[in-house]
Amino acid sequence: MTSLPETASGSDPASGVTPGVEIALEMRALSLWYGNRQVLDGVSFGVPARTITALIGPSGCGKSSLLRCLNRLNDEVAGCRVGGQVLVGGVDAYAKDALVHELRRRVGMVFQRPNPFPLTVYENVAYGLRLLGVRRRRELDERIEFALKSASLWDEVAARLDDSALSLSLGQQQRLVIARAIAVGPEILLMDEPASALDPAATLRFEELLHELAQRYTVLLVTHNMQQAARVSDYTAFLHQGRLIEFGETDALFTNPHQRQTEDYITGRYG
Amino acid sequence: MDRLHLSQHISRQFNSEIEDVRRQVLAMGGLVEEQIAAAVHMLIERDAAGGAEIREREQQVNAAELAIDERCAYILARRQPAASDLRLVLAVVKMLADLERIGDEAKRIARLAEGLVGEEGGTDITASLAELGVQARSMLRGALDAFARLDETLALDIMRRDKRLDAVYKGLFTILVERMQHVPDQIPVELDRLWCARSFERIGDRCKNLCEYVLYLVRGKDVRHSGLAKTTGALGSDA
């Protein structure tokens, strides 16, 4: 397994990870430009496996852009340039021979606004499986049931698999999207403010689901909600103006952060 | 990390809640300091008149404890504070308990002093007790100053002074035991003096606790049960 690298030049966050902890996803001096505008500057940290890591920071600091680097969604953006490395399970995601579709299978993504396909519940989850070549009905059924159970949605949709996914509530749609990502067997789930469109009760149910997901998958979660980050995450990374300011165990970072900027941000002395 | 600043939140409402709590703790501390001063005065002057005032002020101390505790609960519920704000609220909740207990000790000293009013002799012992009382009061003032200024150096200094107070108490303890052995008829009086000394010593211990909470607030390190040498080491050579 990879160990946490030396930090890049610029900011100097505490490594914050106990030595020997398995790292599922690692950024080494990750930089990003949209044209001439630099959005990320030398970000280096490792995301421990089968934990929840929250990514916090003020609007425009590069959180979502960082997430999109990790499964190369930024490839779709004209004029986008990436520097440094992203290692997924120790393998360079930007290697010349890297298979992007395989990367995106291993690194699933959930967005702020649920985006189920305009298909049935069943077909939403089956879509990715069919792309992987799964044809047999029995295997599809088993894997779809597993994915929906893992997303804590099975009990609510078992009798409605042929209903349109768009007829589900927003909270259910978000869990359906997670089931869709889980179905293809990822290792890592990236989530960009996944609960911000949900009502408080649905948000709390979603947070419970995150804890269950973290037993099997590594979760990296962007959130503007400080209390949510404190509630659900094991580790927290604080970004500011494209740089990593501090990374560490959430308990420690929220009670005694090392960096003044982190202290100011999480205590609301920061715009 | 450089010096804490506990104000300047974006939310002015939150700022003022935090400032109010700090102010109220210092006001409560001031009341308790007056309690100690009044109890020492009763001992030195053999004046029972101060007892009623001390009992009345005790009610104010207790009321302050309840009110500030409640404010802290509201802050935790409404603001979900983090980092230094969280440590401040936690430190204050702990400080309240120690301040209230210091107030109890002062009330105990006052009650004992009332009983000693008519006793002849023991001028030297009374002077020693008064000196203990002055030290204990000074330690409380120092602990409150350390809290007000977020001054870890002062907090550590007060903690060192507790060792000296303990030594003075032990010396006085030995003298009082000897006196009881020599003049058994005087045992009740000497015991009352011993309990006074013990109360001042306990006040010193509580002031040390207050300083531990200040260190937790300022540095985020819980130094309870660590001992002074380990505490100083944990905070680095600047302490």
# chains A, B, ... in the order shown; residues from 1 in each chain; ligands from 1
call {"tool": "closest_atom_pairs", "arguments": {"of": "chain B", "to": "chain A", "cutoff": "7 Å", "atoms": "only C-alpha atoms", "output": "JSON lines"}}
result
{"residue": "B:Met1", "atom": "CA", "partner": "A:His258", "partner_atom": "CA", "distance": 6.0}
{"residue": "B:Gln8", "atom": "CA", "partner": "A:Arg269", "partner_atom": "CA", "distance": 6.2}
{"residue": "B:His9", "atom": "CA", "partner": "A:Arg269", "partner_atom": "CA", "distance": 4.3}
{"residue": "B:Ile10", "atom": "CA", "partner": "A:Arg269", "partner_atom": "CA", "distance": 5.2}
{"residue": "B:Pro81", "atom": "CA", "partner": "A:Thr267", "partner_atom": "CA", "distance": 6.7}
{"residue": "B:Ala82", "atom": "CA", "partner": "A:Phe254", "partner_atom": "CA", "distance": 5.4}
{"residue": "B:Ala83", "atom": "CA", "partner": "A:Thr255", "partner_atom": "CA", "distance": 3.9}
{"residue": "B:Ser84", "atom": "CA", "partner": "A:Thr255", "partner_atom": "CA", "distance": 6.9}
{"residue": "B:Asp85", "atom": "CA", "partner": "A:Thr267", "partner_atom": "CA", "distance": 7.0}
{"residue": "B:Leu86", "atom": "CA", "partner": "A:Thr255", "partner_atom": "CA", "distance": 6.9}
{"residue": "B:Gly220", "atom": "CA", "partner": "A:Asn256", "partner_atom": "CA", "distance": 5.5}
call {"tool": "residues_around", "arguments": {"residues": "Ala93 of chain A", "least_positions_apart": "4", "cutoff": "8 Å", "atoms": "only C-alpha atoms", "output": "PyMOL selection string"}}
result
chain A and resi 70-72+85-88+98+100+103
call {"tool": "residues_around", "arguments": {"residues": "Ile52 of chain A", "least_positions_apart": "3", "cutoff": "6 Å", "atoms": "only C-alpha atoms", "output": "PDB file with C-alpha atoms, in the first residue's frame"}}
result
ATOM      1  CA  VAL A 219     -15.767   8.089   0.556  1.00  0.00           C
ATOM      2  CA  LEU A 220     -14.512  11.588  -0.264  1.00  0.00           C
ATOM      3  CA  SER A 233     -16.278  12.250   8.516  1.00  0.00           C
ATOM      4  CA  ASP A 234     -13.278  10.443   9.932  1.00  0.00           C
TER       5      ASP A 234
END
call {"tool": "residues_around", "arguments": {"residues": "Thr53 of chain A", "least_positions_apart": "6", "cutoff": "10 Å", "atoms": "only C-alpha atoms", "output": "ChimeraX atom specification"}}
result
/A:46-47,190,214,218-222,229,232-237,247-250
call {"tool": "write_last_selection", "arguments": {"atoms": "N, CA and C atoms", "output": "mmCIF file, in the first residue's frame"}}
result
data_model
loop_
_atom_site.group_PDB
_atom_site.id
_atom_site.type_symbol
_atom_site.label_atom_id
_atom_site.label_comp_id
_atom_site.auth_asym_id
_atom_site.auth_seq_id
_atom_site.Cartn_x
_atom_site.Cartn_y
_atom_site.Cartn_z
ATOM 1 N N GLY A 46 -3.363 11.972 1.260
ATOM 2 C CA GLY A 46 -3.868 10.633 0.978
ATOM 3 C C GLY A 46 -5.196 10.422 1.674
ATOM 4 N N VAL A 47 -6.098 9.748 0.980
ATOM 5 C CA VAL A 47 -7.422 9.461 1.547
ATOM 6 C C VAL A 47 -7.397 8.033 2.096
ATOM 7 N N LEU A 190 -16.883 9.434 -4.799
ATOM 8 C CA LEU A 190 -16.710 10.876 -4.660
ATOM 9 C C LEU A 190 -18.103 11.495 -4.579
ATOM 10 N N ALA A 214 -19.124 3.433 4.171
ATOM 11 C CA ALA A 214 -17.689 3.522 4.489
ATOM 12 C C ALA A 214 -17.138 2.196 4.993
ATOM 13 N N THR A 218 -14.358 3.685 0.088
ATOM 14 C CA THR A 218 -13.707 4.904 0.563
ATOM 15 C C THR A 218 -14.521 6.084 0.052
ATOM 16 N N VAL A 219 -14.889 6.978 0.940
ATOM 17 C CA VAL A 219 -15.767 8.089 0.556
ATOM 18 C C VAL A 219 -15.020 9.413 0.719
ATOM 19 N N LEU A 220 -15.054 10.221 -0.323
ATOM 20 C CA LEU A 220 -14.512 11.588 -0.264
ATOM 21 C C LEU A 220 -15.676 12.526 -0.552
ATOM 22 N N LEU A 221 -15.951 13.373 0.398
ATOM 23 C CA LEU A 221 -17.206 14.115 0.410
ATOM 24 C C LEU A 221 -16.933 15.614 0.470
ATOM 25 N N VAL A 222 -17.414 16.343 -0.519
ATOM 26 C CA VAL A 222 -17.341 17.812 -0.463
ATOM 27 C C VAL A 222 -18.602 18.311 0.229
ATOM 28 N N ALA A 229 -19.773 17.888 8.091
ATOM 29 C CA ALA A 229 -18.394 17.374 8.015
ATOM 30 C C ALA A 229 -17.972 16.829 9.378
ATOM 31 N N VAL A 232 -20.060 13.405 10.130
ATOM 32 C CA VAL A 232 -19.956 12.147 9.379
ATOM 33 C C VAL A 232 -18.523 11.706 9.087
ATOM 34 N N SER A 233 -17.574 12.634 9.069
ATOM 35 C CA SER A 233 -16.278 12.250 8.516
ATOM 36 C C SER A 233 -15.295 11.755 9.567
ATOM 37 N N ASP A 234 -14.383 10.915 9.099
ATOM 38 C CA ASP A 234 -13.278 10.443 9.932
ATOM 39 C C ASP A 234 -12.069 11.372 9.786
ATOM 40 N N TYR A 235 -11.899 11.886 8.575
ATOM 41 C CA TYR A 235 -10.814 12.812 8.274
ATOM 42 C C TYR A 235 -11.394 14.032 7.568
ATOM 43 N N THR A 236 -10.694 15.145 7.701
ATOM 44 C CA THR A 236 -11.127 16.380 7.030
ATOM 45 C C THR A 236 -9.931 17.051 6.387
ATOM 46 N N ALA A 237 -10.153 17.515 5.159
ATOM 47 C CA ALA A 237 -9.138 18.297 4.449
ATOM 48 C C ALA A 237 -9.707 19.690 4.236
ATOM 49 N N PHE A 247 -4.864 18.882 6.859
ATOM 50 C CA PHE A 247 -5.544 17.600 6.724
ATOM 51 C C PHE A 247 -5.327 16.837 8.020
ATOM 52 N N GLY A 248 -6.381 16.228 8.532
ATOM 53 C CA GLY A 248 -6.192 15.456 9.754
ATOM 54 C C GLY A 248 -7.456 14.753 10.186
ATOM 55 N N GLU A 249 -7.363 14.052 11.287
ATOM 56 C CA GLU A 249 -8.533 13.385 11.842
ATOM 57 C C GLU A 249 -9.548 14.458 12.232
ATOM 58 N N THR A 250 -10.785 14.200 11.910
ATOM 59 C CA THR A 250 -11.832 15.197 12.120
ATOM 60 C C THR A 250 -11.920 15.603 13.580
#
call {"tool": "closest_residue", "arguments": {"among": "A:Val125, A:Leu213, A:Leu131, A:Ala165", "to": "Ser152 of chain A", "atoms": "only C-alpha atoms"}}
result
A:Leu213
call {"tool": "select_by_dssp", "arguments": {"residues": "segment 60-238 of chain A", "states": "strand (DSSP E)", "output": "number ranges by chain"}}
result
A: 80-88, 91-92, 107-110, 188-192, 218-222, 235-238
call {"tool": "write_last_selection", "arguments": {"atoms": "N, CA and C atoms", "output": "tab-separated table (two decimals), in the first residue's frame"}}
result
chain	number	residue	atom	x	y	z
A	80	CYS	N	-8.38	22.42	-20.08
A	80	CYS	CA	-8.03	22.01	-18.71
A	80	CYS	C	-6.69	21.28	-18.72
A	81	ARG	N	-5.83	21.61	-17.75
A	81	ARG	CA	-4.50	20.99	-17.67
A	81	ARG	C	-4.24	20.57	-16.24
A	82	VAL	N	-3.72	19.35	-16.09
A	82	VAL	CA	-3.47	18.80	-14.76
A	82	VAL	C	-1.98	18.56	-14.58
A	83	GLY	N	-1.47	18.92	-13.40
A	83	GLY	CA	-0.07	18.62	-13.07
A	83	GLY	C	-0.03	17.76	-11.82
A	84	GLY	N	1.10	17.10	-11.60
A	84	GLY	CA	1.19	16.24	-10.43
A	84	GLY	C	0.60	14.88	-10.70
A	85	GLN	N	0.25	14.19	-9.62
A	85	GLN	CA	-0.22	12.82	-9.78
A	85	GLN	C	-1.47	12.54	-8.96
A	86	VAL	N	-2.28	11.63	-9.51
A	86	VAL	CA	-3.39	11.06	-8.74
A	86	VAL	C	-3.19	9.55	-8.78
A	87	LEU	N	-3.05	8.98	-7.61
A	87	LEU	CA	-2.83	7.52	-7.54
A	87	LEU	C	-4.07	6.86	-6.94
A	88	VAL	N	-4.65	5.98	-7.69
A	88	VAL	CA	-5.82	5.23	-7.21
A	88	VAL	C	-5.36	3.81	-6.92
A	91	VAL	N	-2.02	3.25	-8.42
A	91	VAL	CA	-1.87	3.31	-9.88
A	91	VAL	C	-2.15	4.72	-10.37
A	92	ASP	N	-1.28	5.23	-11.24
A	92	ASP	CA	-1.40	6.59	-11.74
A	92	ASP	C	-2.62	6.73	-12.65
A	107	VAL	N	-13.87	4.64	-9.48
A	107	VAL	CA	-14.07	5.88	-8.71
A	107	VAL	C	-15.40	6.47	-9.13
A	108	GLY	N	-16.45	6.13	-8.39
A	108	GLY	CA	-17.78	6.61	-8.72
A	108	GLY	C	-18.02	8.01	-8.23
A	109	MET	N	-19.03	8.65	-8.79
A	109	MET	CA	-19.30	10.04	-8.39
A	109	MET	C	-20.78	10.28	-8.20
A	110	VAL	N	-21.08	11.04	-7.16
A	110	VAL	CA	-22.45	11.44	-6.85
A	110	VAL	C	-22.45	12.96	-6.77
A	188	ILE	N	-13.99	3.56	-4.61
A	188	ILE	CA	-14.04	4.92	-4.06
A	188	ILE	C	-15.31	5.61	-4.55
A	189	LEU	N	-15.93	6.36	-3.64
A	189	LEU	CA	-17.10	7.16	-4.02
A	189	LEU	C	-16.79	8.63	-3.75
A	190	LEU	N	-16.88	9.43	-4.80
A	190	LEU	CA	-16.71	10.88	-4.66
A	190	LEU	C	-18.10	11.50	-4.58
A	191	MET	N	-18.30	12.38	-3.63
A	191	MET	CA	-19.63	12.97	-3.46
A	191	MET	C	-19.49	14.48	-3.35
A	192	ASP	N	-20.15	15.18	-4.24
A	192	ASP	CA	-20.06	16.64	-4.28
A	192	ASP	C	-21.33	17.24	-3.70
A	218	THR	N	-14.36	3.68	0.09
A	218	THR	CA	-13.71	4.90	0.56
A	218	THR	C	-14.52	6.08	0.05
A	219	VAL	N	-14.89	6.98	0.94
A	219	VAL	CA	-15.77	8.09	0.56
A	219	VAL	C	-15.02	9.41	0.72
A	220	LEU	N	-15.05	10.22	-0.32
A	220	LEU	CA	-14.51	11.59	-0.26
A	220	LEU	C	-15.68	12.53	-0.55
A	221	LEU	N	-15.95	13.37	0.40
A	221	LEU	CA	-17.21	14.11	0.41
A	221	LEU	C	-16.93	15.61	0.47
A	222	VAL	N	-17.41	16.34	-0.52
A	222	VAL	CA	-17.34	17.81	-0.46
A	222	VAL	C	-18.60	18.31	0.23
A	235	TYR	N	-11.90	11.89	8.57
A	235	TYR	CA	-10.81	12.81	8.27
A	235	TYR	C	-11.39	14.03	7.57
A	236	THR	N	-10.69	15.15	7.70
A	236	THR	CA	-11.13	16.38	7.03
A	236	THR	C	-9.93	17.05	6.39
A	237	ALA	N	-10.15	17.52	5.16
A	237	ALA	CA	-9.14	18.30	4.45
A	237	ALA	C	-9.71	19.69	4.24
A	238	PHE	N	-8.94	20.71	4.59
A	238	PHE	CA	-9.38	22.10	4.42
A	238	PHE	C	-8.58	22.73	3.29
call {"tool": "closest_residue", "arguments": {"among": "B:Cys207, B:Met42, B:Leu76, B:Leu235", "to": "Phe147 of chain B", "atoms": "only C-alpha atoms"}}
result
B:Cys207
call {"tool": "residues_around", "arguments": {"residues": "Arg175 of chain A", "least_positions_apart": "5", "cutoff": "8 Å", "atoms": "only C-alpha atoms", "output": "VMD selection string"}}
result
chain A and resid 151 to 153 206
call {"tool": "closest_residue", "arguments": {"among": "A:Asp141, A:Tyr217, A:Ala159, A:Asn124", "to": "Pro48 of chain A", "atoms": "only C-alpha atoms"}}
result
A:Tyr217
call {"tool": "decode", "arguments": {"residues": "segment 84-131 of chain B", "atoms": "N, CA and C atoms", "output": "PDB file, in the first residue's frame"}}
result
ATOM      1  N   SER B  84     -11.395  26.497  19.166  1.00  0.00           N
ATOM      2  CA  SER B  84     -11.200  27.300  20.374  1.00  0.00           C
ATOM      3  C   SER B  84     -12.528  27.712  21.011  1.00  0.00           C
ATOM      4  N   ASP B  85     -13.543  27.905  20.213  1.00  0.00           N
ATOM      5  CA  ASP B  85     -14.857  28.252  20.785  1.00  0.00           C
ATOM      6  C   ASP B  85     -15.386  27.079  21.611  1.00  0.00           C
ATOM      7  N   LEU B  86     -15.246  25.880  21.097  1.00  0.00           N
ATOM      8  CA  LEU B  86     -15.687  24.697  21.833  1.00  0.00           C
ATOM      9  C   LEU B  86     -14.874  24.552  23.109  1.00  0.00           C
ATOM     10  N   ARG B  87     -13.563  24.733  22.987  1.00  0.00           N
ATOM     11  CA  ARG B  87     -12.702  24.596  24.174  1.00  0.00           C
ATOM     12  C   ARG B  87     -13.043  25.656  25.223  1.00  0.00           C
ATOM     13  N   LEU B  88     -13.405  26.843  24.765  1.00  0.00           N
ATOM     14  CA  LEU B  88     -13.798  27.889  25.719  1.00  0.00           C
ATOM     15  C   LEU B  88     -15.027  27.450  26.498  1.00  0.00           C
ATOM     16  N   VAL B  89     -16.041  26.961  25.798  1.00  0.00           N
ATOM     17  CA  VAL B  89     -17.278  26.577  26.481  1.00  0.00           C
ATOM     18  C   VAL B  89     -17.004  25.423  27.449  1.00  0.00           C
ATOM     19  N   LEU B  90     -16.241  24.448  26.990  1.00  0.00           N
ATOM     20  CA  LEU B  90     -15.927  23.317  27.872  1.00  0.00           C
ATOM     21  C   LEU B  90     -15.120  23.781  29.086  1.00  0.00           C
ATOM     22  N   ALA B  91     -14.152  24.664  28.850  1.00  0.00           N
ATOM     23  CA  ALA B  91     -13.330  25.171  29.956  1.00  0.00           C
ATOM     24  C   ALA B  91     -14.195  25.937  30.955  1.00  0.00           C
ATOM     25  N   VAL B  92     -15.103  26.756  30.442  1.00  0.00           N
ATOM     26  CA  VAL B  92     -15.963  27.546  31.327  1.00  0.00           C
ATOM     27  C   VAL B  92     -16.828  26.635  32.190  1.00  0.00           C
ATOM     28  N   VAL B  93     -17.413  25.610  31.585  1.00  0.00           N
ATOM     29  CA  VAL B  93     -18.277  24.690  32.343  1.00  0.00           C
ATOM     30  C   VAL B  93     -17.482  24.054  33.493  1.00  0.00           C
ATOM     31  N   LYS B  94     -16.249  23.690  33.201  1.00  0.00           N
ATOM     32  CA  LYS B  94     -15.419  23.105  34.262  1.00  0.00           C
ATOM     33  C   LYS B  94     -15.020  24.151  35.306  1.00  0.00           C
ATOM     34  N   MET B  95     -14.718  25.358  34.838  1.00  0.00           N
ATOM     35  CA  MET B  95     -14.305  26.416  35.768  1.00  0.00           C
ATOM     36  C   MET B  95     -15.414  26.754  36.747  1.00  0.00           C
ATOM     37  N   LEU B  96     -16.655  26.727  36.254  1.00  0.00           N
ATOM     38  CA  LEU B  96     -17.782  27.065  37.121  1.00  0.00           C
ATOM     39  C   LEU B  96     -17.805  26.167  38.348  1.00  0.00           C
ATOM     40  N   ALA B  97     -17.587  24.896  38.133  1.00  0.00           N
ATOM     41  CA  ALA B  97     -17.643  23.947  39.251  1.00  0.00           C
ATOM     42  C   ALA B  97     -16.556  24.271  40.270  1.00  0.00           C
ATOM     43  N   ASP B  98     -15.343  24.551  39.779  1.00  0.00           N
ATOM     44  CA  ASP B  98     -14.248  24.848  40.713  1.00  0.00           C
ATOM     45  C   ASP B  98     -14.468  26.180  41.422  1.00  0.00           C
ATOM     46  N   LEU B  99     -14.966  27.174  40.707  1.00  0.00           N
ATOM     47  CA  LEU B  99     -15.222  28.477  41.349  1.00  0.00           C
ATOM     48  C   LEU B  99     -16.274  28.336  42.443  1.00  0.00           C
ATOM     49  N   GLU B 100     -17.309  27.582  42.137  1.00  0.00           N
ATOM     50  CA  GLU B 100     -18.372  27.395  43.130  1.00  0.00           C
ATOM     51  C   GLU B 100     -17.829  26.682  44.359  1.00  0.00           C
ATOM     52  N   ARG B 101     -16.944  25.707  44.156  1.00  0.00           N
ATOM     53  CA  ARG B 101     -16.353  24.975  45.290  1.00  0.00           C
ATOM     54  C   ARG B 101     -15.416  25.881  46.092  1.00  0.00           C
ATOM     55  N   ILE B 102     -14.712  26.777  45.404  1.00  0.00           N
ATOM     56  CA  ILE B 102     -13.871  27.740  46.127  1.00  0.00           C
ATOM     57  C   ILE B 102     -14.759  28.605  47.015  1.00  0.00           C
ATOM     58  N   GLY B 103     -15.898  28.989  46.461  1.00  0.00           N
ATOM     59  CA  GLY B 103     -16.850  29.763  47.254  1.00  0.00           C
ATOM     60  C   GLY B 103     -17.299  28.991  48.484  1.00  0.00           C
ATOM     61  N   ASP B 104     -17.535  27.703  48.324  1.00  0.00           N
ATOM     62  CA  ASP B 104     -17.929  26.860  49.463  1.00  0.00           C
ATOM     63  C   ASP B 104     -16.837  26.834  50.520  1.00  0.00           C
ATOM     64  N   GLU B 105     -15.588  26.733  50.062  1.00  0.00           N
ATOM     65  CA  GLU B 105     -14.463  26.698  51.012  1.00  0.00           C
ATOM     66  C   GLU B 105     -14.394  28.017  51.778  1.00  0.00           C
ATOM     67  N   ALA B 106     -14.615  29.117  51.069  1.00  0.00           N
ATOM     68  CA  ALA B 106     -14.573  30.418  51.744  1.00  0.00           C
ATOM     69  C   ALA B 106     -15.676  30.513  52.798  1.00  0.00           C
ATOM     70  N   LYS B 107     -16.827  29.986  52.458  1.00  0.00           N
ATOM     71  CA  LYS B 107     -17.942  29.995  53.416  1.00  0.00           C
ATOM     72  C   LYS B 107     -17.602  29.135  54.637  1.00  0.00           C
ATOM     73  N   ARG B 108     -16.919  28.026  54.387  1.00  0.00           N
ATOM     74  CA  ARG B 108     -16.514  27.141  55.488  1.00  0.00           C
ATOM     75  C   ARG B 108     -15.529  27.860  56.393  1.00  0.00           C
ATOM     76  N   ILE B 109     -14.572  28.573  55.789  1.00  0.00           N
ATOM     77  CA  ILE B 109     -13.579  29.313  56.565  1.00  0.00           C
ATOM     78  C   ILE B 109     -14.280  30.371  57.423  1.00  0.00           C
ATOM     79  N   ALA B 110     -15.271  31.030  56.820  1.00  0.00           N
ATOM     80  CA  ALA B 110     -15.999  32.068  57.543  1.00  0.00           C
ATOM     81  C   ALA B 110     -16.719  31.472  58.761  1.00  0.00           C
ATOM     82  N   ARG B 111     -17.323  30.319  58.558  1.00  0.00           N
ATOM     83  CA  ARG B 111     -18.044  29.653  59.658  1.00  0.00           C
ATOM     84  C   ARG B 111     -17.066  29.290  60.770  1.00  0.00           C
ATOM     85  N   LEU B 112     -15.893  28.745  60.384  1.00  0.00           N
ATOM     86  CA  LEU B 112     -14.873  28.389  61.376  1.00  0.00           C
ATOM     87  C   LEU B 112     -14.350  29.637  62.070  1.00  0.00           C
ATOM     88  N   ALA B 113     -14.185  30.705  61.305  1.00  0.00           N
ATOM     89  CA  ALA B 113     -13.682  31.955  61.885  1.00  0.00           C
ATOM     90  C   ALA B 113     -14.667  32.504  62.924  1.00  0.00           C
ATOM     91  N   GLU B 114     -15.958  32.340  62.649  1.00  0.00           N
ATOM     92  CA  GLU B 114     -16.975  32.767  63.616  1.00  0.00           C
ATOM     93  C   GLU B 114     -16.773  32.035  64.937  1.00  0.00           C
ATOM     94  N   GLY B 115     -16.460  30.749  64.846  1.00  0.00           N
ATOM     95  CA  GLY B 115     -16.251  29.949  66.054  1.00  0.00           C
ATOM     96  C   GLY B 115     -14.978  30.315  66.789  1.00  0.00           C
ATOM     97  N   LEU B 116     -14.006  30.894  66.076  1.00  0.00           N
ATOM     98  CA  LEU B 116     -12.709  31.222  66.675  1.00  0.00           C
ATOM     99  C   LEU B 116     -12.653  32.631  67.228  1.00  0.00           C
ATOM    100  N   VAL B 117     -13.755  33.346  67.049  1.00  0.00           N
ATOM    101  CA  VAL B 117     -13.757  34.764  67.418  1.00  0.00           C
ATOM    102  C   VAL B 117     -13.354  34.971  68.877  1.00  0.00           C
ATOM    103  N   GLY B 118     -13.932  34.165  69.778  1.00  0.00           N
ATOM    104  CA  GLY B 118     -13.690  34.399  71.210  1.00  0.00           C
ATOM    105  C   GLY B 118     -12.415  33.769  71.726  1.00  0.00           C
ATOM    106  N   GLU B 119     -11.665  33.065  70.870  1.00  0.00           N
ATOM    107  CA  GLU B 119     -10.500  32.321  71.351  1.00  0.00           C
ATOM    108  C   GLU B 119      -9.288  33.240  71.539  1.00  0.00           C
ATOM    109  N   GLU B 120      -8.723  33.154  72.729  1.00  0.00           N
ATOM    110  CA  GLU B 120      -7.510  33.908  73.011  1.00  0.00           C
ATOM    111  C   GLU B 120      -6.311  33.125  72.472  1.00  0.00           C
ATOM    112  N   GLY B 121      -5.212  33.820  72.304  1.00  0.00           N
ATOM    113  CA  GLY B 121      -3.974  33.125  71.919  1.00  0.00           C
ATOM    114  C   GLY B 121      -4.000  32.702  70.466  1.00  0.00           C
ATOM    115  N   GLY B 122      -2.909  32.031  70.089  1.00  0.00           N
ATOM    116  CA  GLY B 122      -2.793  31.514  68.719  1.00  0.00           C
ATOM    117  C   GLY B 122      -2.598  32.620  67.704  1.00  0.00           C
ATOM    118  N   THR B 123      -2.039  33.747  68.166  1.00  0.00           N
ATOM    119  CA  THR B 123      -1.860  34.887  67.248  1.00  0.00           C
ATOM    120  C   THR B 123      -0.949  34.505  66.084  1.00  0.00           C
ATOM    121  N   ASP B 124       0.089  33.748  66.406  1.00  0.00           N
ATOM    122  CA  ASP B 124       1.041  33.363  65.349  1.00  0.00           C
ATOM    123  C   ASP B 124       0.378  32.444  64.331  1.00  0.00           C
ATOM    124  N   ILE B 125      -0.473  31.542  64.859  1.00  0.00           N
ATOM    125  CA  ILE B 125      -1.183  30.632  63.948  1.00  0.00           C
ATOM    126  C   ILE B 125      -2.143  31.418  63.068  1.00  0.00           C
ATOM    127  N   THR B 126      -2.841  32.352  63.695  1.00  0.00           N
ATOM    128  CA  THR B 126      -3.785  33.180  62.924  1.00  0.00           C
ATOM    129  C   THR B 126      -3.052  33.930  61.824  1.00  0.00           C
ATOM    130  N   ALA B 127      -1.886  34.421  62.157  1.00  0.00           N
ATOM    131  CA  ALA B 127      -1.095  35.140  61.143  1.00  0.00           C
ATOM    132  C   ALA B 127      -0.713  34.213  59.999  1.00  0.00           C
ATOM    133  N   SER B 128      -0.345  32.975  60.350  1.00  0.00           N
ATOM    134  CA  SER B 128       0.016  32.002  59.299  1.00  0.00           C
ATOM    135  C   SER B 128      -1.194  31.676  58.442  1.00  0.00           C
ATOM    136  N   LEU B 129      -2.337  31.528  59.103  1.00  0.00           N
ATOM    137  CA  LEU B 129      -3.559  31.245  58.341  1.00  0.00           C
ATOM    138  C   LEU B 129      -3.887  32.405  57.410  1.00  0.00           C
ATOM    139  N   ALA B 130      -3.723  33.598  57.925  1.00  0.00           N
ATOM    140  CA  ALA B 130      -4.007  34.779  57.111  1.00  0.00           C
ATOM    141  C   ALA B 130      -3.084  34.816  55.892  1.00  0.00           C
ATOM    142  N   GLU B 131      -1.829  34.460  56.110  1.00  0.00           N
ATOM    143  CA  GLU B 131      -0.879  34.449  54.998  1.00  0.00           C
ATOM    144  C   GLU B 131      -1.277  33.411  53.947  1.00  0.00           C
TER     145      GLU B 131
END
